[in-house]
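Colleague: Just one file: data_22.cif, with mmCIF, C-alpha atoms.
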```
data_run
loop_
_atom_site.label_atom_id
_atom_site.label_comp_id
_atom_site.auth_asym_id
_atom_site.auth_seq_id
_atom_site.Cartn_x
_atom_site.Cartn_y
_atom_site.Cartn_z
CA MET N 1 -11.85 18.93 -19.14
CA ASP N 2 -10.11 17.57 -22.22
CA ILE N 3 -7.61 15.17 -20.72
CA LYS N 4 -6.00 14.50 -24.09
CA SER N 5 -5.05 18.11 -24.83
CA ASN N 6 -4.56 19.86 -21.49
CA HIS N 7 -0.92 19.38 -20.46
CA THR N 8 -1.15 20.89 -17.01
CA VAL N 9 -1.27 18.65 -14.00
CA PRO N 10 -3.85 19.24 -11.27
CA VAL N 11 -2.21 18.62 -7.93
CA LEU N 12 -4.68 18.60 -5.06
CA THR N 13 -4.08 20.15 -1.69
CA ASP N 14 -4.37 18.30 1.61
CA PRO N 15 -7.95 17.86 2.76
CA ALA N 16 -9.12 19.15 6.11
CA PRO N 17 -8.96 16.73 9.06
CA LEU N 18 -11.48 13.92 8.80
CA SER N 19 -14.65 14.44 10.78
CA LYS N 20 -15.95 11.87 13.23
CA SER N 21 -18.28 10.11 10.85
CA ARG N 22 -18.36 6.37 10.39
CA LEU N 23 -17.66 5.33 6.81
CA GLY N 24 -19.31 8.56 5.74
CA VAL N 25 -17.15 11.65 5.38
CA HIS N 26 -18.37 14.99 4.07
CA SER N 27 -17.39 15.36 0.42
CA ASN N 28 -15.71 18.73 0.87
CA LEU N 29 -12.98 17.03 2.88
CA PHE N 30 -11.66 15.05 -0.06
CA SER N 31 -9.65 16.09 -3.09
CA TYR N 32 -11.89 14.58 -5.72
CA SER N 33 -15.29 15.21 -7.18
CA PRO N 34 -18.22 12.86 -7.74
CA PRO N 35 -18.85 11.64 -11.30
CA GLY N 36 -19.90 14.46 -13.58
CA ALA N 37 -18.86 17.23 -11.18
CA ALA N 38 -16.04 19.67 -11.74
CA PHE N 39 -13.01 19.87 -9.46
CA SER N 40 -13.20 22.82 -7.09
CA PRO N 41 -10.65 25.47 -8.17
CA SER N 42 -9.70 25.98 -4.53
CA LEU N 43 -8.45 22.39 -4.34
CA LEU N 44 -6.29 22.57 -7.46
CA LEU N 45 -2.68 23.58 -7.81
CA THR N 46 -1.57 23.67 -11.44
CA ILE N 47 1.94 22.65 -12.40
CA PRO N 48 2.97 22.76 -16.08
CA ARG N 49 3.78 19.45 -17.71
CA LYS N 50 6.34 19.79 -20.45
CA LYS N 51 6.15 17.67 -23.57
CA THR N 52 9.73 16.52 -23.25
CA GLY N 53 9.22 12.79 -23.53
CA VAL N 54 10.81 12.20 -20.11
CA LEU N 55 9.20 11.13 -16.88
CA ASP N 56 7.23 13.93 -15.29
CA ASP N 57 7.58 13.24 -11.54
CA VAL N 58 11.30 12.55 -11.77
CA ARG N 59 13.55 12.57 -14.83
CA SER N 60 14.44 9.32 -16.58
CA SER N 61 17.81 8.84 -14.89
CA SER N 62 16.25 9.31 -11.46
CA TRP N 63 13.52 6.81 -12.26
CA LEU N 64 16.10 4.25 -13.35
CA ASP N 65 17.97 4.80 -10.09
CA ALA N 66 14.71 4.32 -8.19
CA MET N 67 13.87 1.17 -10.15
CA LYS N 68 17.29 -0.29 -9.32
CA ALA N 69 16.95 0.75 -5.70
CA SER N 70 13.73 -1.26 -5.41
CA SER N 71 15.80 -4.42 -5.83
CA PRO N 72 17.45 -5.61 -2.59
CA PRO N 73 21.23 -5.14 -2.75
CA HIS N 74 23.48 -8.17 -3.03
CA ARG N 75 25.33 -9.19 0.09
CA LYS N 76 29.00 -8.30 0.03
CA ILE N 77 31.48 -11.18 0.03
CA ASN N 78 34.29 -11.02 2.57
CA CYS N 79 37.28 -13.30 2.90
CA ILE N 80 37.79 -14.70 6.37
CA ASN N 81 41.27 -15.89 7.43
CA ASN N 82 42.37 -15.91 3.77
CA ASP N 83 40.04 -18.84 3.29
CA SER N 84 37.36 -19.29 0.65
CA PRO N 85 34.93 -16.35 0.21
CA THR N 86 32.10 -16.30 2.76
CA TYR N 87 28.93 -14.20 2.77
CA ASP N 88 28.99 -11.24 5.14
CA VAL N 89 26.72 -11.58 8.20
CA ASP N 90 24.94 -8.34 7.35
CA PHE N 91 26.76 -5.88 9.54
CA ALA N 92 24.81 -3.08 7.82
CA TYR N 93 21.51 -4.75 8.70
CA ARG N 94 22.47 -5.17 12.35
CA THR N 95 23.48 -1.52 12.48
CA TRP N 96 20.16 -0.55 10.87
CA MET N 97 18.26 -2.66 13.40
CA ALA N 98 19.73 -0.62 16.23
CA LYS N 99 17.52 2.19 14.91
CA HIS N 100 14.63 -0.05 13.83
CA PRO N 101 14.57 -2.87 16.40
CA SER N 102 12.82 -6.18 15.88
CA ALA N 103 9.13 -6.02 16.81
CA LEU N 104 9.52 -9.55 18.20
CA LYS N 105 12.47 -8.75 20.44
CA SER N 106 10.71 -5.52 21.44
CA PHE N 107 7.36 -7.21 21.93
CA GLU N 108 7.24 -6.57 25.68
CA GLN N 109 7.94 -2.89 25.07
CA ILE N 110 5.14 -2.72 22.50
CA THR N 111 2.61 -4.44 24.74
CA ASN N 112 3.57 -2.27 27.71
CA MET N 113 2.64 0.75 25.62
CA ALA N 114 -0.57 -1.03 24.60
CA LYS N 115 -1.81 -1.60 28.15
CA GLY N 116 -5.17 0.04 28.65
CA LYS N 117 -5.43 0.79 24.94
CA ARG N 118 -7.36 -0.68 22.04
CA ILE N 119 -5.13 -1.98 19.26
CA ALA N 120 -6.18 -1.44 15.62
CA LEU N 121 -4.18 -3.56 13.20
CA PHE N 122 -3.37 -2.67 9.58
CA LEU N 123 -1.56 -5.13 7.31
CA ASP N 124 -0.10 -4.93 3.82
CA TYR N 125 -0.45 -8.12 1.75
CA ASP N 126 2.40 -8.85 -0.70
CA GLY N 127 5.70 -9.29 1.12
CA THR N 128 3.94 -9.03 4.48
CA LEU N 129 1.33 -11.80 4.63
CA SER N 130 2.63 -13.60 1.55
CA PRO N 131 6.10 -13.95 0.04
CA ILE N 132 7.17 -11.86 -2.94
CA VAL N 133 6.97 -14.10 -6.04
CA ASP N 134 7.82 -13.69 -9.72
CA ASN N 135 4.20 -14.01 -10.80
CA PRO N 136 1.83 -11.83 -8.70
CA ASP N 137 -1.05 -14.21 -9.47
CA PHE N 138 0.66 -16.85 -7.32
CA ALA N 139 1.31 -14.74 -4.21
CA PHE N 140 -0.68 -17.10 -2.01
CA MET N 141 -0.67 -16.80 1.76
CA SER N 142 -0.19 -20.00 3.73
CA ASP N 143 -3.02 -21.67 5.63
CA ALA N 144 -1.05 -21.03 8.81
CA MET N 145 -0.86 -17.30 8.03
CA ARG N 146 -4.57 -17.17 7.24
CA ALA N 147 -5.33 -18.83 10.57
CA ALA N 148 -3.10 -16.32 12.37
CA VAL N 149 -4.87 -13.37 10.69
CA LYS N 150 -8.28 -14.85 11.48
CA LYS N 151 -7.37 -15.23 15.16
CA VAL N 152 -5.90 -11.76 15.50
CA ALA N 153 -9.02 -10.25 13.85
CA LYS N 154 -11.10 -11.90 16.58
CA TYR N 155 -9.43 -9.70 19.19
CA PHE N 156 -8.53 -6.53 17.26
CA PRO N 157 -10.17 -4.63 14.39
CA THR N 158 -8.00 -5.66 11.44
CA ALA N 159 -7.66 -4.26 7.92
CA ILE N 160 -5.69 -5.34 4.86
CA ILE N 161 -4.39 -2.33 2.89
CA SER N 162 -2.91 -3.35 -0.47
CA GLY N 163 -1.95 -1.95 -3.84
CA ARG N 164 -3.89 -4.78 -5.41
CA SER N 165 -7.56 -4.43 -6.24
CA ARG N 166 -9.92 -5.13 -3.36
CA ASP N 167 -11.37 -8.15 -5.17
CA LYS N 168 -7.93 -9.71 -5.68
CA VAL N 169 -6.70 -9.26 -2.13
CA PHE N 170 -10.03 -10.52 -0.76
CA LYS N 171 -9.72 -13.60 -2.98
CA PHE N 172 -6.23 -14.27 -1.58
CA VAL N 173 -7.20 -13.72 2.06
CA GLY N 174 -10.79 -14.98 2.03
CA LEU N 175 -11.77 -13.77 5.51
CA THR N 176 -15.07 -11.89 5.75
CA GLU N 177 -14.43 -10.44 9.22
CA LEU N 178 -11.74 -8.04 7.97
CA TYR N 179 -11.75 -4.58 6.45
CA TYR N 180 -10.19 -4.48 2.97
CA ALA N 181 -8.62 -1.44 1.32
CA GLY N 182 -7.54 -2.13 -2.27
CA SER N 183 -5.75 0.05 -4.83
CA HIS N 184 -3.76 1.80 -2.06
CA GLY N 185 -6.96 2.60 -0.20
CA MET N 186 -8.97 3.85 -3.16
CA GLU N 187 -11.57 1.15 -2.55
CA ILE N 188 -12.41 0.26 1.04
CA MET N 189 -14.77 -2.55 2.03
CA SER N 190 -16.17 -3.21 5.47
CA PRO N 191 -18.77 -5.63 6.82
CA VAL N 192 -22.17 -3.91 6.97
CA GLU N 193 -22.78 -4.97 10.55
CA GLN N 194 -19.60 -3.20 11.66
CA SER N 195 -20.13 0.28 10.23
CA ILE N 196 -22.79 2.85 9.47
CA LEU N 197 -23.09 4.57 6.09
CA GLU N 198 -24.05 8.19 5.79
CA ASP N 199 -25.22 9.99 2.68
CA HIS N 200 -21.98 10.27 0.72
CA PRO N 201 -21.54 10.11 -3.08
CA ASN N 202 -18.60 7.69 -2.83
CA CYS N 203 -19.92 5.49 -0.04
CA PHE N 204 -22.50 2.89 -0.92
CA ARG N 205 -23.78 -0.56 -0.05
CA SER N 206 -23.00 -3.48 -2.32
CA SER N 207 -22.72 -7.27 -2.25
CA ASP N 208 -19.60 -9.39 -2.32
CA LYS N 209 -19.20 -12.49 -4.48
CA GLN N 210 -20.84 -14.59 -1.78
CA GLY N 211 -23.89 -12.32 -1.90
CA LYS N 212 -23.17 -10.82 1.51
CA ASP N 213 -23.89 -7.11 2.01
CA VAL N 214 -20.79 -4.91 2.35
CA ASN N 215 -20.06 -1.19 2.54
CA LEU N 216 -17.81 0.32 -0.12
CA PHE N 217 -15.95 3.62 -0.14
CA GLN N 218 -14.42 4.71 -3.46
CA PRO N 219 -12.86 8.22 -3.47
CA ALA N 220 -11.68 7.81 -7.10
CA ARG N 221 -14.79 6.37 -8.78
CA GLU N 222 -14.76 8.92 -11.59
CA PHE N 223 -11.33 7.67 -12.74
CA LEU N 224 -12.46 4.11 -13.56
CA PRO N 225 -13.02 4.64 -17.33
CA MET N 226 -9.69 6.45 -17.62
CA ILE N 227 -7.81 3.73 -15.74
CA GLU N 228 -9.36 1.04 -17.95
CA GLU N 229 -8.30 2.93 -21.07
CA VAL N 230 -4.73 3.30 -19.83
CA TYR N 231 -4.61 -0.38 -18.83
CA LYS N 232 -5.45 -1.44 -22.39
CA SER N 233 -2.88 0.97 -23.84
CA LEU N 234 -0.16 -0.30 -21.52
CA ILE N 235 -0.91 -3.90 -22.48
CA GLU N 236 -0.53 -2.99 -26.15
CA ASN N 237 2.56 -0.80 -25.77
CA THR N 238 4.59 -3.15 -23.56
CA LYS N 239 3.71 -6.50 -25.16
CA GLU N 240 7.05 -6.67 -27.01
CA ILE N 241 9.13 -6.28 -23.83
CA GLU N 242 9.90 -9.74 -22.54
CA GLY N 243 8.95 -10.30 -18.91
CA VAL N 244 6.64 -7.28 -18.48
CA ARG N 245 3.33 -7.93 -16.80
CA VAL N 246 0.56 -5.33 -16.68
CA GLU N 247 -1.93 -5.83 -13.84
CA ASP N 248 -5.35 -4.20 -13.58
CA ASN N 249 -5.88 -3.22 -9.94
CA LYS N 250 -9.13 -1.37 -10.67
CA PHE N 251 -8.18 2.09 -9.42
CA CYS N 252 -4.54 1.80 -10.44
CA VAL N 253 -2.52 -0.09 -13.04
CA SER N 254 0.65 -1.95 -12.03
CA VAL N 255 3.45 -2.55 -14.54
CA HIS N 256 5.65 -5.31 -13.11
CA TYR N 257 9.25 -5.50 -14.36
CA ARG N 258 10.54 -8.13 -11.93
CA ASN N 259 11.12 -10.56 -14.79
CA VAL N 260 12.50 -7.96 -17.24
CA GLU N 261 16.24 -7.77 -17.95
CA GLU N 262 17.72 -4.69 -16.31
CA LYS N 263 18.94 -3.33 -19.65
CA SER N 264 15.30 -2.98 -20.70
CA TRP N 265 14.05 -1.17 -17.60
CA ASP N 266 14.48 2.24 -19.20
CA THR N 267 12.33 1.05 -22.11
CA VAL N 268 9.61 -0.03 -19.69
CA ALA N 269 9.64 3.36 -17.95
CA GLN N 270 9.62 5.26 -21.23
CA ARG N 271 6.69 3.26 -22.66
CA VAL N 272 4.67 4.01 -19.53
CA GLU N 273 5.50 7.72 -19.69
CA ASP N 274 4.68 7.89 -23.41
CA ILE N 275 1.12 6.93 -22.51
CA LEU N 276 0.82 8.99 -19.34
CA LYS N 277 1.80 12.27 -20.99
CA ASP N 278 -1.73 12.33 -22.48
CA TYR N 279 -3.36 11.81 -19.07
CA PRO N 280 -2.54 14.75 -16.79
CA ARG N 281 -4.95 13.50 -14.13
CA LEU N 282 -2.90 10.33 -13.63
CA ARG N 283 0.52 10.01 -11.99
CA LEU N 284 3.35 7.49 -11.89
CA THR N 285 4.77 6.01 -8.68
CA HIS N 286 6.87 2.94 -7.98
CA GLY N 287 7.14 0.08 -5.53
CA ARG N 288 9.12 -3.17 -5.40
CA LYS N 289 9.90 -3.94 -9.06
CA VAL N 290 6.67 -2.27 -10.15
CA LEU N 291 5.61 1.03 -11.72
CA GLU N 292 2.12 2.11 -10.74
CA VAL N 293 -0.29 4.44 -12.51
CA ARG N 294 -2.68 6.16 -10.10
CA PRO N 295 -5.22 9.00 -10.14
CA VAL N 296 -3.93 12.41 -9.10
CA ILE N 297 -5.94 12.62 -5.91
CA ASN N 298 -4.64 13.24 -2.43
CA TRP N 299 -5.20 9.69 -1.27
CA ASP N 300 -2.81 6.93 -0.22
CA LYS N 301 -2.39 4.20 2.38
CA GLY N 302 -1.85 6.78 5.10
CA LYS N 303 -5.14 8.50 4.28
CA ALA N 304 -6.80 5.06 4.22
CA VAL N 305 -5.55 4.34 7.74
CA VAL N 306 -6.95 7.63 9.02
CA PHE N 307 -10.26 6.98 7.26
CA LEU N 308 -10.55 3.47 8.68
CA LEU N 309 -9.82 4.72 12.18
CA GLU N 310 -12.59 7.28 11.66
CA SER N 311 -14.97 4.61 10.38
CA LEU N 312 -14.29 2.52 13.47
CA GLY N 313 -14.79 5.47 15.79
CA LEU N 314 -11.16 5.16 16.94
CA SER N 315 -9.65 8.40 15.66
CA GLY N 316 -8.48 11.04 18.11
CA CYS N 317 -8.76 8.63 21.04
CA ASP N 318 -5.94 8.49 23.57
CA ASP N 319 -6.76 4.86 24.34
CA VAL N 320 -6.16 3.60 20.77
CA LEU N 321 -2.87 2.16 19.46
CA PRO N 322 -2.77 1.65 15.66
CA ILE N 323 -0.14 -0.80 14.38
CA TYR N 324 0.71 -0.90 10.67
CA VAL N 325 2.83 -3.72 9.19
CA GLY N 326 4.11 -3.41 5.61
CA ASP N 327 7.14 -3.96 3.42
CA ASP N 328 6.83 -1.58 0.48
CA ARG N 329 7.58 2.03 -0.39
CA THR N 330 3.83 2.69 -0.59
CA ASP N 331 3.48 1.67 3.07
CA GLU N 332 5.68 4.61 4.02
CA ASP N 333 2.64 6.92 3.73
CA ALA N 334 1.01 4.98 6.57
CA PHE N 335 4.21 4.83 8.63
CA LYS N 336 4.57 8.58 8.24
CA VAL N 337 1.02 9.25 9.45
CA LEU N 338 1.57 7.21 12.62
CA ARG N 339 4.96 8.80 13.28
CA GLU N 340 3.76 12.37 12.72
CA ARG N 341 0.69 11.85 14.88
CA ASN N 342 2.74 9.99 17.50
CA CYS N 343 -0.21 7.66 17.88
CA GLY N 344 0.96 4.18 16.88
CA HIS N 345 3.68 1.90 15.56
CA GLY N 346 4.92 1.33 12.03
CA ILE N 347 6.64 -2.03 11.45
CA LEU N 348 8.68 -2.47 8.26
CA VAL N 349 9.08 -6.00 6.89
CA SER N 350 12.57 -6.17 5.38
CA SER N 351 15.70 -8.31 5.51
CA VAL N 352 17.87 -5.45 4.20
CA PRO N 353 18.44 -1.89 5.50
CA LYS N 354 15.97 0.64 4.08
CA GLU N 355 15.13 4.26 4.71
CA THR N 356 11.81 4.19 6.52
CA ASN N 357 9.39 6.07 8.73
CA ALA N 358 8.65 2.83 10.58
CA PHE N 359 10.02 2.45 14.09
CA TYR N 360 10.16 -1.36 14.37
CA SER N 361 11.07 -4.09 11.90
CA LEU N 362 10.43 -7.74 11.04
CA ARG N 363 12.50 -9.77 8.60
CA ASP N 364 9.89 -11.61 6.56
CA PRO N 365 6.30 -12.97 6.52
CA SER N 366 7.25 -15.79 8.89
CA GLU N 367 8.18 -13.23 11.54
CA VAL N 368 4.97 -11.32 10.77
CA MET N 369 3.01 -14.49 11.54
CA GLU N 370 4.92 -14.97 14.79
CA PHE N 371 4.16 -11.37 15.74
CA LEU N 372 0.43 -11.84 15.06
CA LYS N 373 0.36 -15.03 17.13
CA SER N 374 2.16 -13.22 19.95
CA LEU N 375 -0.48 -10.48 19.92
CA VAL N 376 -3.23 -13.09 20.34
CA ILE N 377 -1.42 -14.84 23.21
CA TRP N 378 -0.81 -11.49 24.94
CA LYS N 379 -4.45 -10.45 24.54
CA LYS N 380 -5.71 -13.76 25.93
CA SER N 381 -3.39 -13.62 28.92
CA SER N 382 -4.17 -9.98 29.67
CA ALA N 383 -7.88 -10.79 29.74
CA LEU N 384 -7.44 -13.38 32.51
#
```
Translate the structure of the given file into structure tokens.
Modeller:
Amino acid sequence: MDIKSNHTVPVLTDPAPLSKSRLGVHSNLFSYSPPGAAFSPSLLLTIPRKKTGVLDDVRSSSWLDAMKASSPPHRKINCINNDSPTYDVDFAYRTWMAKHPSALKSFEQITNMAKGKRIALFLDYDGTLSPIVDNPDFAFMSDAMRAAVKKVAKYFPTAIISGRSRDKVFKFVGLTELYYAGSHGMEIMSPVEQSILEDHPNCFRSSDKQGKDVNLFQPAREFLPMIEEVYKSLIENTKEIEGVRVEDNKFCVSVHYRNVEEKSWDTVAQRVEDILKDYPRLRLTHGRKVLEVRPVINWDKGKAVVFLLESLGLSGCDDVLPIYVGDDRTDEDAFKVLRERNCGHGILVSSVPKETNAFYSLRDPSEVMEFLKSLVIWKKSSAL
């Protein structure tokens, strides 16, 4: 397939339900092919891509609207008793919370539903375990948060699912007892002693930086050379835009515009699209102040959750309660899976009202840490 000349986009259909294998799923269930193999025609749906110079998923104006929407709205200023202006107390947020109640205030309700069930915990990283910062390289989690995650992982199988590369998020977290899913689940790592590998072209055993054996699952391995090529092109084509930062997340490329003046956002989006128009097997999505280039495969954080549940032998069990905590648009795929399957709880971390498939909410990482600590206390007391 000549990716530089074919301007049709392969869109892959939903795979069949995951089988009950453990970190080894039959290859015909996934919308990708192993290196060197052709995509199955039955899994492809071709949509023409016009050479119009505008964004292909959504037109330029819509992308600009989406980029602006990813920035939390400013609080409205009200005047009270004709006095000096005072910040509003977030009436809209309180109204929103009536539909998405606090997971802390609803903790008893959550644990009542968890009685007699095994909890599986899934956590986003940026904005969930660490604060959102201007420079992604400095999104460090606190020692207190790390301790809370370590304790909760002692009682519940726990996974970090992040848009960052697996290596980066592991470096930030530094806990070997967790499962790690980087690049929105396109690279999943688990401790060898906690899972069994089957013969699968995208599952293999490797070693981490400490030399410890780990299992890796990479449904998009064939895209690595393409992603590296696009990463270099994006670096070159955005270097003149002040504030842009291009991050290599292995199976996806993140173009951060958090520090770019809003008047230049359309330029950022257009530069990215100018490159992507020559790569029909890559697509453009967005998160909080970031545009992300990803492979066109039917894989996201929701699919990663399902896969991890399968790998743990917890899928399709009535006595399992998955809980997913995240703050970003990309976490909605996981929230949607739990809601549609009616099998767990999605918890959105946000201090402003947002459209979401999550049922519960937490304001910020400090409340996330309190929630994790509460889970540990509840588990200890229920074991007595």
Colleague: Where does the PyMOL selection byres ((chain N and resi 89-104) around 10) land in this file, that is, which residues does it pick, as JSON, numbers by chain?
Modeller: {"N": [75, 76, 77, 78, 86, 87, 88, 105, 106, 107, 108, 109, 110, 345, 346, 347, 348, 349, 350, 351, 352, 353, 354, 355, 356, 357, 358, 359, 360, 361, 362, 363, 367, 368, 370, 371, 372, 374]}
Colleague: Fewer than 2 positions away in the same chain doesn't count, so skip those; otherwise give me all residues within 8 Å of Arg258 of chain N, counting only C-alpha atoms, as a VMD selection string.
Modeller: chain N and resid 134 243 to 244 256 260 289 to 290
Colleague: Nearest to Ile275 of chain N among N:Glu262, N:Ser233, N:Lys250, N:Gly182, with distances taken over all atoms listed in the file: which residue is it?
Modeller: N:Ser233
Colleague: Select, from N:Pro157, N:Met145, N:Leu291, N:Pro322, the residue with the minimum atom-to-atom distance to Trp265 of chain N, counting only C-alpha atoms.
Modeller: N:Leu291
Colleague: Exactly which residues make up the result of the PyMOL selection byres ((chain N and resi 146) around 10) on this file, given as a ChimeraX atom specification?
Modeller: /N:129-130,141-145,147-152,172-175,369
Colleague: Mind telling me what the PyMOL selection byres ((chain N and resi 336) around 9) catches here, as an mmCIF file with C-alpha atoms, in the coordinates of the input?
Modeller:
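Output below, filename selection_26.cif:
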```cif
data_model
loop_
_atom_site.group_PDB
_atom_site.id
_atom_site.type_symbol
_atom_site.label_atom_id
_atom_site.label_comp_id
_atom_site.auth_asym_id
_atom_site.auth_seq_id
_atom_site.Cartn_x
_atom_site.Cartn_y
_atom_site.Cartn_z
ATOM 1 C CA GLY N 302 -1.850 6.780 5.100
ATOM 2 C CA ASP N 331 3.480 1.670 3.070
ATOM 3 C CA GLU N 332 5.680 4.610 4.020
ATOM 4 C CA ASP N 333 2.640 6.920 3.730
ATOM 5 C CA ALA N 334 1.010 4.980 6.570
ATOM 6 C CA PHE N 335 4.210 4.830 8.630
ATOM 7 C CA VAL N 337 1.020 9.250 9.450
ATOM 8 C CA LEU N 338 1.570 7.210 12.620
ATOM 9 C CA ARG N 339 4.960 8.800 13.280
ATOM 10 C CA GLU N 340 3.760 12.370 12.720
ATOM 11 C CA ARG N 341 0.690 11.850 14.880
ATOM 12 C CA GLY N 346 4.920 1.330 12.030
ATOM 13 C CA THR N 356 11.810 4.190 6.520
ATOM 14 C CA ASN N 357 9.390 6.070 8.730
ATOM 15 C CA ALA N 358 8.650 2.830 10.580
#
```
Colleague: Between N:Pro365, N:Ala114, N:Pro280, N:Ile241, single out the one closest to Lys263 of chain N, counting only C-alpha atoms.
Modeller: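 Ranked by minimum distance to Lys263 of chain N, first place goes to N:Ile241.
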Colleague: Provide the atom CA of Ser311 of chain N to atom CA of Arg281 of chain N distance in Å, to one decimal place.
Modeller: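 Calculated distance between atom CA of Ser311 of chain N and atom CA of Arg281 of chain N is 27.9 Å.
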Colleague: Between N:Thr158, N:Ser315, N:Asn135, N:Thr111, which is the closest to Leu123 of chain N once you count all atoms listed in the file?
Modeller: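 The closest residue to Leu123 of chain N is N:Thr158.
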Colleague: How far is it from atom CA of Gly163 of chain N to atom CA of Asp274 of chain N, in Å with one decimal?
Modeller: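 Computing it gives 22.9 Å between the two atoms.
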Colleague: Just the number, please: distance in Å from atom CA of Phe122 of chain N to atom CA of Val306 of chain N, one decimal.
Modeller: 10.9 Å
Colleague: Return the single residue from N:Tyr125, N:Val230, N:Gly344, N:Val133 that is closest to Phe170 of chain N, with distances computed using all atoms listed in the file.
Modeller: N:Tyr125
Colleague: Check the smallest atom-to-atom distance from each of N:Arg283, N:Ala120, N:Gly326, N:Ile377 to Leu309 of chain N using all atoms listed in the file, then report the winner.
Modeller: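 Of N:Arg283, N:Ala120, N:Gly326, N:Ile377, the one nearest Leu309 of chain N is N:Ala120, counting all atoms listed in the file.
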